[in-house]
>>> print(open('coords_24.txt').read())   # compact mmCIF, N, CA and C atoms
# COMPACT_ATOMS: atom_id res chain seq x y z
N MET A 323 1.43 -5.97 19.50
CA MET A 323 1.13 -5.01 18.45
C MET A 323 0.38 -5.71 17.33
N LYS A 324 -0.75 -5.15 16.94
CA LYS A 324 -1.55 -5.71 15.86
C LYS A 324 -1.02 -5.18 14.53
N TYR A 325 -0.79 -6.08 13.60
CA TYR A 325 -0.30 -5.67 12.29
C TYR A 325 -1.44 -5.57 11.30
N LEU A 326 -1.34 -4.62 10.41
CA LEU A 326 -2.33 -4.43 9.36
C LEU A 326 -2.24 -5.53 8.31
N THR A 327 -3.34 -5.74 7.63
CA THR A 327 -3.35 -6.61 6.47
C THR A 327 -3.68 -5.75 5.25
N VAL A 328 -3.46 -6.29 4.08
CA VAL A 328 -3.77 -5.57 2.84
C VAL A 328 -5.24 -5.19 2.81
N GLU A 329 -6.09 -6.07 3.27
CA GLU A 329 -7.54 -5.82 3.24
C GLU A 329 -7.95 -4.64 4.11
N GLU A 330 -7.16 -4.31 5.12
CA GLU A 330 -7.48 -3.20 6.02
C GLU A 330 -7.00 -1.85 5.49
N LEU A 331 -6.13 -1.83 4.51
CA LEU A 331 -5.56 -0.57 4.01
C LEU A 331 -6.60 0.46 3.57
N PRO A 332 -7.69 0.07 2.89
CA PRO A 332 -8.65 1.09 2.46
C PRO A 332 -9.28 1.89 3.60
N HIS A 333 -9.17 1.41 4.82
CA HIS A 333 -9.75 2.09 5.97
C HIS A 333 -8.82 3.14 6.57
N TYR A 334 -7.63 3.29 6.02
CA TYR A 334 -6.63 4.21 6.55
C TYR A 334 -6.25 5.25 5.50
N THR A 335 -5.87 6.43 5.98
CA THR A 335 -5.34 7.47 5.10
C THR A 335 -3.85 7.31 4.97
N THR A 336 -3.17 7.18 6.11
CA THR A 336 -1.72 6.97 6.13
C THR A 336 -1.40 5.85 7.12
N ILE A 337 -0.25 5.24 6.91
CA ILE A 337 0.25 4.23 7.83
C ILE A 337 1.74 4.49 8.04
N SER A 338 2.29 3.89 9.07
CA SER A 338 3.71 4.07 9.34
C SER A 338 4.54 3.27 8.33
N VAL A 339 5.80 3.60 8.23
CA VAL A 339 6.71 2.86 7.35
C VAL A 339 6.83 1.42 7.84
N ASN A 340 6.85 1.22 9.16
CA ASN A 340 6.91 -0.13 9.71
C ASN A 340 5.68 -0.94 9.30
N GLU A 341 4.49 -0.33 9.37
CA GLU A 341 3.27 -1.02 8.97
C GLU A 341 3.29 -1.34 7.48
N ALA A 342 3.78 -0.40 6.68
CA ALA A 342 3.87 -0.63 5.23
C ALA A 342 4.83 -1.78 4.94
N ALA A 343 5.92 -1.84 5.67
CA ALA A 343 6.87 -2.94 5.48
C ALA A 343 6.21 -4.27 5.76
N HIS A 344 5.45 -4.34 6.85
CA HIS A 344 4.79 -5.59 7.21
C HIS A 344 3.77 -5.99 6.14
N VAL A 345 2.95 -5.04 5.70
CA VAL A 345 1.93 -5.33 4.69
C VAL A 345 2.57 -5.83 3.40
N CYS A 346 3.71 -5.27 3.05
CA CYS A 346 4.39 -5.65 1.81
C CYS A 346 5.25 -6.90 1.95
N GLY A 347 5.47 -7.32 3.18
CA GLY A 347 6.29 -8.51 3.41
C GLY A 347 7.77 -8.27 3.21
N ILE A 348 8.20 -7.04 3.53
CA ILE A 348 9.61 -6.69 3.42
C ILE A 348 10.11 -6.24 4.78
N GLY A 349 11.40 -6.13 4.94
CA GLY A 349 11.98 -5.68 6.19
C GLY A 349 11.88 -4.18 6.36
N ARG A 350 12.03 -3.75 7.61
CA ARG A 350 11.99 -2.32 7.92
C ARG A 350 13.08 -1.56 7.19
N SER A 351 14.28 -2.10 7.17
CA SER A 351 15.40 -1.41 6.51
C SER A 351 15.10 -1.21 5.03
N THR A 352 14.59 -2.25 4.40
CA THR A 352 14.26 -2.15 2.98
C THR A 352 13.18 -1.09 2.75
N ALA A 353 12.18 -1.05 3.62
CA ALA A 353 11.11 -0.06 3.49
C ALA A 353 11.65 1.36 3.68
N TYR A 354 12.47 1.56 4.69
CA TYR A 354 13.04 2.90 4.92
C TYR A 354 13.96 3.31 3.78
N ASN A 355 14.71 2.36 3.22
CA ASN A 355 15.55 2.67 2.06
C ASN A 355 14.70 3.05 0.86
N ALA A 356 13.59 2.35 0.66
CA ALA A 356 12.69 2.67 -0.45
C ALA A 356 12.10 4.06 -0.28
N VAL A 357 11.75 4.43 0.94
CA VAL A 357 11.23 5.78 1.22
C VAL A 357 12.31 6.81 0.92
N ALA A 358 13.53 6.58 1.39
CA ALA A 358 14.63 7.53 1.19
C ALA A 358 14.95 7.71 -0.29
N ASP A 359 14.84 6.62 -1.06
CA ASP A 359 15.12 6.67 -2.50
C ASP A 359 13.94 7.15 -3.32
N GLY A 360 12.78 7.31 -2.68
CA GLY A 360 11.58 7.72 -3.41
C GLY A 360 11.00 6.61 -4.25
N GLN A 361 11.28 5.36 -3.86
CA GLN A 361 10.80 4.20 -4.62
C GLN A 361 9.54 3.62 -3.99
N PHE A 362 8.65 3.16 -4.81
CA PHE A 362 7.48 2.35 -4.47
C PHE A 362 6.45 3.05 -3.59
N PHE A 363 6.83 3.57 -2.43
CA PHE A 363 5.86 4.16 -1.52
C PHE A 363 5.63 5.63 -1.84
N GLU A 364 4.35 6.04 -1.79
CA GLU A 364 4.04 7.46 -1.84
C GLU A 364 3.93 7.90 -0.39
N THR A 365 4.65 8.96 -0.05
CA THR A 365 4.73 9.37 1.34
C THR A 365 4.33 10.82 1.52
N VAL A 366 4.07 11.16 2.77
CA VAL A 366 3.81 12.53 3.18
C VAL A 366 4.57 12.73 4.48
N ARG A 367 5.10 13.93 4.66
CA ARG A 367 5.84 14.24 5.88
C ARG A 367 4.92 15.05 6.79
N ILE A 368 4.76 14.57 8.01
CA ILE A 368 3.97 15.27 9.01
C ILE A 368 4.92 15.58 10.17
N LYS A 369 5.26 16.86 10.29
CA LYS A 369 6.30 17.31 11.21
C LYS A 369 7.58 16.53 10.94
N ASP A 370 8.06 15.76 11.89
CA ASP A 370 9.31 15.03 11.67
C ASP A 370 9.08 13.56 11.32
N ARG A 371 7.84 13.19 11.03
CA ARG A 371 7.51 11.80 10.71
C ARG A 371 7.18 11.62 9.23
N VAL A 372 7.53 10.46 8.73
CA VAL A 372 7.17 10.10 7.35
C VAL A 372 6.05 9.08 7.44
N ARG A 373 4.98 9.34 6.71
CA ARG A 373 3.84 8.42 6.68
C ARG A 373 3.64 7.96 5.24
N VAL A 374 3.23 6.72 5.08
CA VAL A 374 2.97 6.14 3.77
C VAL A 374 1.48 6.30 3.47
N LEU A 375 1.17 6.77 2.27
CA LEU A 375 -0.23 6.92 1.87
C LEU A 375 -0.82 5.53 1.63
N ALA A 376 -1.88 5.21 2.33
CA ALA A 376 -2.44 3.87 2.32
C ALA A 376 -3.15 3.53 1.01
N GLN A 377 -3.90 4.46 0.44
CA GLN A 377 -4.68 4.15 -0.77
C GLN A 377 -3.80 3.80 -1.97
N PRO A 378 -2.77 4.62 -2.28
CA PRO A 378 -1.89 4.25 -3.40
C PRO A 378 -1.17 2.92 -3.17
N LEU A 379 -0.79 2.65 -1.92
CA LEU A 379 -0.14 1.38 -1.61
C LEU A 379 -1.09 0.22 -1.85
N TYR A 380 -2.33 0.37 -1.42
CA TYR A 380 -3.34 -0.66 -1.64
C TYR A 380 -3.53 -0.94 -3.13
N LYS A 381 -3.62 0.12 -3.91
CA LYS A 381 -3.81 -0.04 -5.36
C LYS A 381 -2.62 -0.74 -5.99
N LYS A 382 -1.42 -0.40 -5.56
CA LYS A 382 -0.22 -1.06 -6.10
C LYS A 382 -0.22 -2.54 -5.74
N LEU A 383 -0.52 -2.84 -4.49
CA LEU A 383 -0.50 -4.24 -4.05
C LEU A 383 -1.60 -5.06 -4.71
N MET A 384 -2.78 -4.49 -4.85
CA MET A 384 -3.88 -5.22 -5.47
C MET A 384 -3.68 -5.33 -6.98
N GLY A 385 -3.05 -4.33 -7.57
CA GLY A 385 -2.75 -4.39 -9.01
C GLY A 385 -1.73 -5.47 -9.31
N SER A 386 -0.84 -5.71 -8.36
CA SER A 386 0.18 -6.73 -8.57
C SER A 386 -0.41 -8.13 -8.47
N ALA A 387 -1.65 -8.25 -7.98
CA ALA A 387 -2.30 -9.55 -7.90
C ALA A 387 -2.75 -10.01 -9.29
N HIS A 388 -2.82 -9.07 -10.23
CA HIS A 388 -3.25 -9.37 -11.59
C HIS A 388 -2.21 -8.86 -12.59
N PRO A 389 -1.00 -9.41 -12.60
CA PRO A 389 0.03 -8.87 -13.49
C PRO A 389 -0.35 -9.00 -14.96
N GLY A 390 -0.11 -7.93 -15.69
CA GLY A 390 -0.34 -7.97 -17.12
C GLY A 390 -1.77 -7.68 -17.55
N LEU A 391 -2.69 -7.54 -16.62
CA LEU A 391 -4.08 -7.26 -16.97
C LEU A 391 -4.36 -5.77 -16.83
N GLN A 392 -5.16 -5.25 -17.74
CA GLN A 392 -5.60 -3.87 -17.64
C GLN A 392 -6.74 -3.80 -16.64
N GLU A 393 -7.05 -2.61 -16.14
CA GLU A 393 -8.09 -2.44 -15.12
C GLU A 393 -9.43 -2.98 -15.60
N ALA A 394 -9.81 -2.72 -16.84
CA ALA A 394 -11.08 -3.21 -17.38
C ALA A 394 -11.09 -4.73 -17.42
N GLU A 395 -9.97 -5.34 -17.75
CA GLU A 395 -9.91 -6.80 -17.79
C GLU A 395 -10.06 -7.38 -16.40
N VAL A 396 -9.51 -6.69 -15.40
CA VAL A 396 -9.63 -7.15 -14.03
C VAL A 396 -11.10 -7.10 -13.61
N GLU A 397 -11.80 -5.98 -13.92
CA GLU A 397 -13.22 -5.86 -13.58
C GLU A 397 -14.01 -6.97 -14.24
N GLU A 398 -13.73 -7.22 -15.51
CA GLU A 398 -14.45 -8.25 -16.25
C GLU A 398 -14.21 -9.63 -15.65
N SER A 399 -12.97 -9.92 -15.28
CA SER A 399 -12.66 -11.21 -14.71
C SER A 399 -13.25 -11.39 -13.33
N GLU A 400 -13.56 -10.27 -12.67
CA GLU A 400 -14.15 -10.35 -11.34
C GLU A 400 -15.67 -10.22 -11.39
N GLY A 401 -16.24 -10.28 -12.59
CA GLY A 401 -17.71 -10.21 -12.70
C GLY A 401 -18.22 -8.80 -12.72
N GLY A 402 -17.51 -7.89 -13.37
CA GLY A 402 -17.94 -6.49 -13.49
C GLY A 402 -19.18 -6.36 -14.33
N ASP A 403 -19.59 -5.13 -14.60
CA ASP A 403 -20.83 -4.87 -15.33
C ASP A 403 -20.73 -5.15 -16.83
N ASN A 404 -19.53 -5.36 -17.35
CA ASN A 404 -19.38 -5.60 -18.77
C ASN A 404 -19.96 -6.96 -19.14
N PRO A 405 -20.74 -7.02 -20.26
CA PRO A 405 -21.33 -8.31 -20.67
C PRO A 405 -20.31 -9.27 -21.20
>>> encode(input="coords_24.txt", output="structure tokens")
Amino acid sequence: MKYLTVEELPHYTTISVNEAAHVCGIGRSTAYNAVADGQFFETVRIKDRVRVLAQPLYKKLMGSAHPGLQEAEVEESEGGDNP
């Protein structure tokens, strides 16, 4: 089974809870508990399955790479258009 990486998340609309757990580096039980508690993951229910929304998860994970910085500061530090 091929596991997703954080860099691949923008190419997906939804991913499984197991895939989200792997991307976040947490266990399956912890991920399912977070889904049940409504914590961290934004989810959608499709029939009897729960899927994690990939874009919000990507934004959360990438935002955590720059703790304490505002979005504009992140763009500036990455060579954004700001002089």
>>> residues_around(input="coords_24.txt", residues="Phe363 in chain A", least_positions_apart="2", cutoff="7 Å", atoms="all atoms listed in the file", output="ChimeraX atom specification")
/A:356-357,360-361,365,374-375,379
>>> atom_distance(input="coords_24.txt", atom1="CA of Val339 in chain A", atom2="atom N of Ala353 in chain A")
7.7 Å
>>> residues_around(input="coords_24.txt", residues="range 330-333 of chain A", least_positions_apart="3", cutoff="8 Å", atoms="only N, CA and C atoms", output="ChimeraX atom specification")
/A:326-327,336,375-377,379-381
>>> select_by_dssp(input="coords_24.txt", residues="range 349-380 of chain A", states="strand (DSSP E or B)", output="list of chain:residue names")
A:Thr365, A:Val366, A:Arg367, A:Ile368, A:Arg371, A:Val372, A:Arg373, A:Val374, A:Leu375
>>> atom_distance(input="coords_24.txt", atom1="atom C of Gly347 in chain A", atom2="CA of Phe362 in chain A")
13.1 Å
>>> atom_distance(input="coords_24.txt", atom1="atom C of Ser338 in chain A", atom2="atom N of Arg373 in chain A")
6.3 Å
>>> closest_residue(input="coords_24.txt", among="A:Val328, A:Val366, A:Met384, A:Val372", to="Val345 in chain A", atoms="only N, CA and C atoms")
A:Val328
